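Asks: Before we start, here is the structure in question, set down as structure tokens.
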Amino acid sequence: MPPITSFSVDAAFNGPPTSANGGYACGVLAEVARSADHLTGPLAVSLHLPVPLDTPLAYRPAGRRGHAWHGEDVVATVTAANGAPPAPAAVSATAAAAAQKSFSGAGHPFPTCFVCGTEREKDGLSLRPGAVEGRPGTVACRWRPRPELADASGLVRPEVVWAALDCPGGWTTDPVRRPRLLGRMTAGIDERPRAGTDYVVVGRLDGVQDRTATNVTALYEAETGRLLARASALWIAIDADPAA
């Protein structure tokens, strides 16, 4: 039987109040799969259920994929991706700073979200993606990672990079009017960002069909416009009370 790895998501990294931020959870699972020497390269993670916080989960390899189990429930599945996702075109640091001024945070469905929550100014990522002028369906914002998000080498932890690539995609639609939760995310990290350095996160809407929306996101170095990481995602509209 393949080895089982136990892991959990700390309550500080929530999206909705009682479950993990989707991108962070996907990043944690991707790193668990890598640490188990099971999967390599760009990975895709599907979330089948809200990922519980401060709760032991079990990662079990299963051939070319792995599953995160909570008791008898499969919470998520990770697989190798067919190459890295496409990246939306870079946005200048100046344009990103202007865009985030239009961030529509009033009525945020998840104000305590670790990544973009309006009530997490001090201990969250405080990403504020807003519409980019002249780029329909595109949002952008600035990001300077705090030192506590990095490892001993000063590089931001991979799961935090996944998180930073997550929520900006969600703001390419209108989550205030119609909240959505992350259903699937594929990410490739070419280079991890460094704490204390300025970056730009860009999101582009690729399409909306019925309850689902698809988008791509990317992380660029603010000064040079160099691409560091990119992701694609599928979001699913929810009908339940977003505060639940």
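Residues are referred to by chain and number: the chain letter is A, B, ... according to the order shown in the structure tokens, the number counts from 1 in that chain, and ligands are numbered separately from 1 in the order shown.
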Just list the residues in region 8-209 of chain A DSSP gives strand (DSSP E) on the backbone, as an mmCIF file with C-alpha atoms, in the first residue's frame.
Replies:
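Here's the written file selection-v5.cif:
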```cif
data_model
loop_
_atom_site.group_PDB
_atom_site.id
_atom_site.type_symbol
_atom_site.label_atom_id
_atom_site.label_comp_id
_atom_site.auth_asym_id
_atom_site.auth_seq_id
_atom_site.Cartn_x
_atom_site.Cartn_y
_atom_site.Cartn_z
ATOM 1 C CA LEU A 43 0.114 20.194 -10.802
ATOM 2 C CA ALA A 44 -3.671 20.410 -10.979
ATOM 3 C CA VAL A 45 -5.813 20.191 -7.858
ATOM 4 C CA SER A 46 -9.579 19.614 -7.805
ATOM 5 C CA LEU A 47 -11.506 20.551 -4.665
ATOM 6 C CA LEU A 57 -6.258 15.070 6.559
ATOM 7 C CA ALA A 58 -4.639 12.061 4.908
ATOM 8 C CA TYR A 59 -2.890 12.177 1.530
ATOM 9 C CA ARG A 60 -2.973 8.832 -0.254
ATOM 10 C CA PRO A 61 -1.226 8.294 -3.611
ATOM 11 C CA ALA A 62 -3.333 6.372 -6.106
ATOM 12 C CA ARG A 65 -3.033 10.928 -8.829
ATOM 13 C CA GLY A 66 -3.392 11.444 -5.105
ATOM 14 C CA HIS A 67 -6.349 12.120 -2.851
ATOM 15 C CA ALA A 68 -6.826 14.092 0.338
ATOM 16 C CA TRP A 69 -9.152 12.252 2.697
ATOM 17 C CA HIS A 70 -11.130 13.520 5.672
ATOM 18 C CA ASP A 73 -14.680 11.662 2.335
ATOM 19 C CA VAL A 74 -12.381 12.609 -0.533
ATOM 20 C CA VAL A 75 -11.814 16.332 -0.085
ATOM 21 C CA ALA A 76 -9.447 16.956 -3.012
ATOM 22 C CA THR A 77 -7.530 15.274 -5.819
ATOM 23 C CA VAL A 78 -4.134 16.230 -7.229
ATOM 24 C CA THR A 79 -2.748 15.167 -10.613
ATOM 25 C CA ALA A 80 0.136 16.088 -12.886
ATOM 26 C CA GLY A 130 -9.183 45.938 -9.687
ATOM 27 C CA ALA A 131 -10.063 46.436 -13.337
ATOM 28 C CA THR A 138 -8.500 41.838 -16.701
ATOM 29 C CA VAL A 139 -7.663 42.780 -13.125
ATOM 30 C CA ALA A 140 -4.354 43.528 -11.445
ATOM 31 C CA CYS A 141 -2.839 44.600 -8.143
ATOM 32 C CA ARG A 142 0.487 45.135 -6.434
ATOM 33 C CA TRP A 143 1.896 42.706 -3.867
ATOM 34 C CA ARG A 180 -18.051 31.640 -6.462
ATOM 35 C CA LEU A 181 -15.711 29.109 -4.896
ATOM 36 C CA LEU A 182 -12.625 27.598 -6.441
ATOM 37 C CA GLY A 183 -13.296 24.191 -7.978
ATOM 38 C CA ARG A 184 -10.044 23.382 -9.752
ATOM 39 C CA MET A 185 -6.650 25.076 -10.019
ATOM 40 C CA THR A 186 -3.567 24.309 -12.078
ATOM 41 C CA ALA A 187 -0.333 26.147 -11.278
ATOM 42 C CA GLY A 188 3.293 26.261 -12.325
ATOM 43 C CA ILE A 189 5.923 28.164 -10.337
ATOM 44 C CA TYR A 199 5.300 42.162 -7.582
ATOM 45 C CA VAL A 200 2.228 42.458 -9.772
ATOM 46 C CA VAL A 201 -0.545 39.857 -9.872
ATOM 47 C CA VAL A 202 -2.700 39.791 -13.029
ATOM 48 C CA GLY A 203 -5.961 37.943 -13.624
ATOM 49 C CA ARG A 204 -7.850 37.502 -16.905
ATOM 50 C CA LEU A 205 -11.343 36.112 -17.378
ATOM 51 C CA ASP A 206 -11.477 33.456 -20.090
ATOM 52 C CA GLY A 207 -15.180 32.662 -20.005
ATOM 53 C CA VAL A 208 -18.428 32.223 -18.069
ATOM 54 C CA GLN A 209 -20.844 29.382 -18.735
#
```
Asks: Contacts of Cys167 (chain A) at 7 Å or less, counting only C-alpha atoms, minus same-chain residues fewer than 4 places along, as a PyMOL selection string?
Replies: chain A and resi 115-116+171
Asks: Record the distance separating CA of Val160 (chain A) and CA of Thr118 (chain A), expressed in Å with one decimal.
Replies: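 Straight-line distance from CA of Val160 (chain A) to CA of Thr118 (chain A) works out to 17.9 Å.
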Asks: Name the residues in contact with Tyr24 (chain A) at a cut-off of 7 Å, using only C-alpha atoms, excluding same-chain residues fewer than 2 positions from it; report them as a list in words.
Replies: Asn21, Gly22, Cys26, Gly27, Val28, Glu159, Val160, Trp162 and Ala163 of chain A
Asks: Give me the residues near region 217-219 of chain A as a PDB file with N, CA, C and O atoms, in the first residue's frame, where near means some atom within 9 Å (using only C-alpha atoms) and where sequence neighbours in that chain fewer than 6 positions away do not count.
Replies:
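What ended up in result_23.pdb:
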```
ATOM      1  N   PRO A  85       0.080  26.383 -17.248  1.00  0.00           N
ATOM      2  CA  PRO A  85      -1.028  27.134 -17.845  1.00  0.00           C
ATOM      3  C   PRO A  85      -0.516  28.347 -18.622  1.00  0.00           C
ATOM      4  O   PRO A  85       0.604  28.826 -18.387  1.00  0.00           O
ATOM      5  N   PRO A  86      -1.331  28.875 -19.539  1.00  0.00           N
ATOM      6  CA  PRO A  86      -0.951  30.121 -20.213  1.00  0.00           C
ATOM      7  C   PRO A  86      -1.011  31.270 -19.222  1.00  0.00           C
ATOM      8  O   PRO A  86      -1.734  31.217 -18.226  1.00  0.00           O
ATOM      9  N   ALA A  87      -0.246  32.322 -19.491  1.00  0.00           N
ATOM     10  CA  ALA A  87      -0.211  33.470 -18.587  1.00  0.00           C
ATOM     11  C   ALA A  87      -0.856  34.683 -19.249  1.00  0.00           C
ATOM     12  O   ALA A  87      -0.610  34.947 -20.431  1.00  0.00           O
ATOM     13  N   PRO A  88      -1.675  35.421 -18.518  1.00  0.00           N
ATOM     14  CA  PRO A  88      -2.166  36.682 -19.060  1.00  0.00           C
ATOM     15  C   PRO A  88      -1.003  37.647 -19.241  1.00  0.00           C
ATOM     16  O   PRO A  88       0.004  37.549 -18.534  1.00  0.00           O
ATOM     17  N   ALA A  89      -1.127  38.559 -20.174  1.00  0.00           N
ATOM     18  CA  ALA A  89      -0.046  39.513 -20.442  1.00  0.00           C
ATOM     19  C   ALA A  89       0.249  40.357 -19.214  1.00  0.00           C
ATOM     20  O   ALA A  89      -0.636  40.635 -18.393  1.00  0.00           O
ATOM     21  N   ALA A  90       1.497  40.758 -19.095  1.00  0.00           N
ATOM     22  CA  ALA A  90       1.933  41.544 -17.945  1.00  0.00           C
ATOM     23  C   ALA A  90       1.226  42.898 -17.906  1.00  0.00           C
ATOM     24  O   ALA A  90       0.807  43.437 -18.932  1.00  0.00           O
ATOM     25  N   VAL A 161       2.196  31.261  -2.717  1.00  0.00           N
ATOM     26  CA  VAL A 161       2.175  31.680  -4.126  1.00  0.00           C
ATOM     27  C   VAL A 161       0.890  31.199  -4.792  1.00  0.00           C
ATOM     28  O   VAL A 161       0.233  31.947  -5.530  1.00  0.00           O
ATOM     29  N   ALA A 164      -1.842  33.499  -3.719  1.00  0.00           N
ATOM     30  CA  ALA A 164      -1.790  34.797  -4.383  1.00  0.00           C
ATOM     31  C   ALA A 164      -2.297  34.727  -5.816  1.00  0.00           C
ATOM     32  O   ALA A 164      -2.818  35.713  -6.355  1.00  0.00           O
ATOM     33  N   LEU A 165      -2.147  33.566  -6.449  1.00  0.00           N
ATOM     34  CA  LEU A 165      -2.628  33.379  -7.814  1.00  0.00           C
ATOM     35  C   LEU A 165      -4.121  33.043  -7.865  1.00  0.00           C
ATOM     36  O   LEU A 165      -4.718  33.025  -8.952  1.00  0.00           O
ATOM     37  N   ASP A 166      -4.703  32.776  -6.713  1.00  0.00           N
ATOM     38  CA  ASP A 166      -6.092  32.307  -6.651  1.00  0.00           C
ATOM     39  C   ASP A 166      -7.100  33.447  -6.726  1.00  0.00           C
ATOM     40  O   ASP A 166      -7.810  33.622  -7.719  1.00  0.00           O
ATOM     41  N   PRO A 168      -7.232  36.762  -7.204  1.00  0.00           N
ATOM     42  CA  PRO A 168      -7.371  37.714  -8.306  1.00  0.00           C
ATOM     43  C   PRO A 168      -8.194  37.159  -9.474  1.00  0.00           C
ATOM     44  O   PRO A 168      -8.936  37.903 -10.118  1.00  0.00           O
ATOM     45  N   GLY A 169      -8.099  35.853  -9.714  1.00  0.00           N
ATOM     46  CA  GLY A 169      -8.938  35.253 -10.748  1.00  0.00           C
ATOM     47  C   GLY A 169     -10.408  35.370 -10.402  1.00  0.00           C
ATOM     48  O   GLY A 169     -11.255  35.597 -11.282  1.00  0.00           O
ATOM     49  N   PRO A 193       8.703  34.140  -5.437  1.00  0.00           N
ATOM     50  CA  PRO A 193       8.998  35.533  -5.113  1.00  0.00           C
ATOM     51  C   PRO A 193       9.747  35.650  -3.792  1.00  0.00           C
ATOM     52  O   PRO A 193       9.747  34.723  -2.974  1.00  0.00           O
ATOM     53  N   TYR A 199       5.779  42.995  -6.480  1.00  0.00           N
ATOM     54  CA  TYR A 199       5.300  42.162  -7.582  1.00  0.00           C
ATOM     55  C   TYR A 199       3.944  42.661  -8.055  1.00  0.00           C
ATOM     56  O   TYR A 199       3.284  43.467  -7.384  1.00  0.00           O
ATOM     57  N   VAL A 200       3.545  42.167  -9.211  1.00  0.00           N
ATOM     58  CA  VAL A 200       2.228  42.458  -9.772  1.00  0.00           C
ATOM     59  C   VAL A 200       1.532  41.135 -10.036  1.00  0.00           C
ATOM     60  O   VAL A 200       2.123  40.217 -10.622  1.00  0.00           O
ATOM     61  N   VAL A 201       0.276  41.026  -9.583  1.00  0.00           N
ATOM     62  CA  VAL A 201      -0.545  39.857  -9.872  1.00  0.00           C
ATOM     63  C   VAL A 201      -1.607  40.275 -10.886  1.00  0.00           C
ATOM     64  O   VAL A 201      -2.271  41.298 -10.704  1.00  0.00           O
ATOM     65  N   VAL A 202      -1.749  39.486 -11.955  1.00  0.00           N
ATOM     66  CA  VAL A 202      -2.700  39.791 -13.029  1.00  0.00           C
ATOM     67  C   VAL A 202      -3.680  38.637 -13.166  1.00  0.00           C
ATOM     68  O   VAL A 202      -3.287  37.462 -13.084  1.00  0.00           O
ATOM     69  N   GLY A 203      -4.951  38.961 -13.361  1.00  0.00           N
ATOM     70  CA  GLY A 203      -5.961  37.943 -13.624  1.00  0.00           C
ATOM     71  C   GLY A 203      -6.741  38.292 -14.878  1.00  0.00           C
ATOM     72  O   GLY A 203      -7.016  39.476 -15.131  1.00  0.00           O
ATOM     73  N   ARG A 204      -7.073  37.276 -15.681  1.00  0.00           N
ATOM     74  CA  ARG A 204      -7.850  37.502 -16.905  1.00  0.00           C
ATOM     75  C   ARG A 204      -8.986  36.492 -16.995  1.00  0.00           C
ATOM     76  O   ARG A 204      -8.756  35.282 -16.862  1.00  0.00           O
ATOM     77  N   LEU A 205     -10.183  36.982 -17.211  1.00  0.00           N
ATOM     78  CA  LEU A 205     -11.343  36.112 -17.378  1.00  0.00           C
ATOM     79  C   LEU A 205     -11.310  35.483 -18.762  1.00  0.00           C
ATOM     80  O   LEU A 205     -11.176  36.166 -19.770  1.00  0.00           O
ATOM     81  N   ARG A 226       9.229  40.444 -15.240  1.00  0.00           N
ATOM     82  CA  ARG A 226       9.578  39.040 -15.442  1.00  0.00           C
ATOM     83  C   ARG A 226       8.509  38.129 -14.847  1.00  0.00           C
ATOM     84  O   ARG A 226       8.050  38.326 -13.737  1.00  0.00           O
ATOM     85  N   LEU A 227       8.118  37.104 -15.617  1.00  0.00           N
ATOM     86  CA  LEU A 227       7.100  36.162 -15.179  1.00  0.00           C
ATOM     87  C   LEU A 227       7.699  35.154 -14.200  1.00  0.00           C
ATOM     88  O   LEU A 227       8.709  34.514 -14.493  1.00  0.00           O
ATOM     89  N   LEU A 228       7.036  34.986 -13.034  1.00  0.00           N
ATOM     90  CA  LEU A 228       7.511  34.045 -12.030  1.00  0.00           C
ATOM     91  C   LEU A 228       6.609  32.819 -11.895  1.00  0.00           C
ATOM     92  O   LEU A 228       7.094  31.710 -11.648  1.00  0.00           O
ATOM     93  N   ALA A 229       5.297  33.022 -12.020  1.00  0.00           N
ATOM     94  CA  ALA A 229       4.364  31.915 -11.815  1.00  0.00           C
ATOM     95  C   ALA A 229       3.069  32.217 -12.544  1.00  0.00           C
ATOM     96  O   ALA A 229       2.741  33.371 -12.807  1.00  0.00           O
ATOM     97  N   ARG A 230       2.335  31.132 -12.856  1.00  0.00           N
ATOM     98  CA  ARG A 230       1.056  31.310 -13.525  1.00  0.00           C
ATOM     99  C   ARG A 230       0.093  30.202 -13.130  1.00  0.00           C
ATOM    100  O   ARG A 230       0.529  29.142 -12.653  1.00  0.00           O
ATOM    101  N   ALA A 231      -1.208  30.453 -13.325  1.00  0.00           N
ATOM    102  CA  ALA A 231      -2.208  29.469 -12.945  1.00  0.00           C
ATOM    103  C   ALA A 231      -3.449  29.619 -13.812  1.00  0.00           C
ATOM    104  O   ALA A 231      -3.700  30.672 -14.398  1.00  0.00           O
ATOM    105  N   SER A 232      -4.217  28.552 -13.882  1.00  0.00           N
ATOM    106  CA  SER A 232      -5.553  28.592 -14.477  1.00  0.00           C
ATOM    107  C   SER A 232      -6.520  28.021 -13.461  1.00  0.00           C
ATOM    108  O   SER A 232      -6.141  27.220 -12.599  1.00  0.00           O
ATOM    109  N   ALA A 233      -7.774  28.436 -13.543  1.00  0.00           N
ATOM    110  CA  ALA A 233      -8.722  28.023 -12.511  1.00  0.00           C
ATOM    111  C   ALA A 233     -10.142  27.932 -13.052  1.00  0.00           C
ATOM    112  O   ALA A 233     -10.517  28.635 -13.992  1.00  0.00           O
TER     113      ALA A 233
END
```
Asks: Which of these, A:Pro56, A:Pro129, A:Gly71, A:Pro3, has the shortest distance to Val91 (chain A) once you count only C-alpha atoms?
Replies: A:Pro129
Asks: Could you check the closest approach to Thr212 (chain A) for each of A:Pro179, A:Gly83, A:Pro42, A:Gly107 and tell me which residue wins, using only C-alpha atoms?
Replies: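 Closest candidate: A:Pro179.
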Asks: Here is a test: counting only C-alpha atoms, which residue of A:Asp198, A:Asp174, A:Glu221, A:Asp210 is nearest to Phe103 (chain A)?
Replies: A:Asp174
Asks: Just list as a ChimeraX atom specification whatever in region 27-187 of chain A DSSP marks as helix (DSSP H, G or I).
Replies: /A:27-35,93-102,147-149,158-170
Asks: Could you list, as a PyMOL selection string, every residue within 10 Å of Arg146 (chain A), counting only C-alpha atoms and ignoring same-chain residues fewer than 4 positions away?
Replies: chain A and resi 123-125+150+154+156+194-197
Asks: Now that the selection is made, can you save its residues with N, CA and C atoms as a PDB file, in the first residue's frame?
Replies:
```
ATOM      1  N   ASP A 123      -2.791  40.669   8.756  1.00  0.00           N
ATOM      2  CA  ASP A 123      -2.229  39.322   8.742  1.00  0.00           C
ATOM      3  C   ASP A 123      -2.575  38.532   7.489  1.00  0.00           C
ATOM      4  N   GLY A 124      -3.174  39.168   6.485  1.00  0.00           N
ATOM      5  CA  GLY A 124      -3.455  38.502   5.215  1.00  0.00           C
ATOM      6  C   GLY A 124      -2.552  39.012   4.114  1.00  0.00           C
ATOM      7  N   LEU A 125      -2.813  38.596   2.896  1.00  0.00           N
ATOM      8  CA  LEU A 125      -2.019  39.069   1.759  1.00  0.00           C
ATOM      9  C   LEU A 125      -2.458  40.462   1.314  1.00  0.00           C
ATOM     10  N   ALA A 150       7.664  33.818   4.184  1.00  0.00           N
ATOM     11  CA  ALA A 150       8.812  33.213   3.508  1.00  0.00           C
ATOM     12  C   ALA A 150       9.473  32.151   4.379  1.00  0.00           C
ATOM     13  N   GLY A 154      14.260  33.362   2.612  1.00  0.00           N
ATOM     14  CA  GLY A 154      13.616  34.602   2.216  1.00  0.00           C
ATOM     15  C   GLY A 154      12.653  34.461   1.051  1.00  0.00           C
ATOM     16  N   VAL A 156       9.165  33.175  -0.666  1.00  0.00           N
ATOM     17  CA  VAL A 156       7.791  32.933  -0.235  1.00  0.00           C
ATOM     18  C   VAL A 156       7.449  31.458  -0.418  1.00  0.00           C
ATOM     19  N   ARG A 194      10.363  36.807  -3.598  1.00  0.00           N
ATOM     20  CA  ARG A 194      11.145  37.047  -2.385  1.00  0.00           C
ATOM     21  C   ARG A 194      10.419  38.051  -1.501  1.00  0.00           C
ATOM     22  N   ALA A 195      10.412  37.797  -0.222  1.00  0.00           N
ATOM     23  CA  ALA A 195       9.760  38.695   0.730  1.00  0.00           C
ATOM     24  C   ALA A 195      10.374  40.088   0.647  1.00  0.00           C
ATOM     25  N   GLY A 196       9.519  41.120   0.735  1.00  0.00           N
ATOM     26  CA  GLY A 196       9.990  42.490   0.711  1.00  0.00           C
ATOM     27  C   GLY A 196      10.209  43.062  -0.666  1.00  0.00           C
ATOM     28  N   THR A 197       9.957  42.281  -1.706  1.00  0.00           N
ATOM     29  CA  THR A 197      10.115  42.740  -3.085  1.00  0.00           C
ATOM     30  C   THR A 197       8.738  42.991  -3.686  1.00  0.00           C
TER      31      THR A 197
END
```
Asks: One number please: CA of Ala237 (chain A) to CA of Ser104 (chain A), in Å, one decimal.
Replies: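 Between CA of Ala237 (chain A) and CA of Ser104 (chain A) the gap works out to 18.2 Å.
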Asks: Compare A:Leu53, A:Ala84, A:Val216, A:Glu72 by their minimum atom-to-atom distance to Thr40 (chain A), counting only C-alpha atoms, and give me the closest one.
Replies: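 Checking each candidate against Thr40 (chain A), we get A:Ala84 as the closest.
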Asks: Calculated over only C-alpha atoms, which of the candidates A:Thr173, A:Ser126, A:Ser153, A:Thr224 has the smallest distance to Arg211 (chain A)?
Replies: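 Comparing A:Thr173, A:Ser126, A:Ser153, A:Thr224 against Arg211 (chain A), the winner is A:Thr173.
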Asks: Choose the residue, out of A:Glu133, A:Asp10, A:Asp37, A:Glu31, that has the smallest atom-to-atom separation from Val51 (chain A); count only C-alpha atoms.
Replies: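 Ranked by minimum distance to Val51 (chain A), first place goes to A:Asp10.
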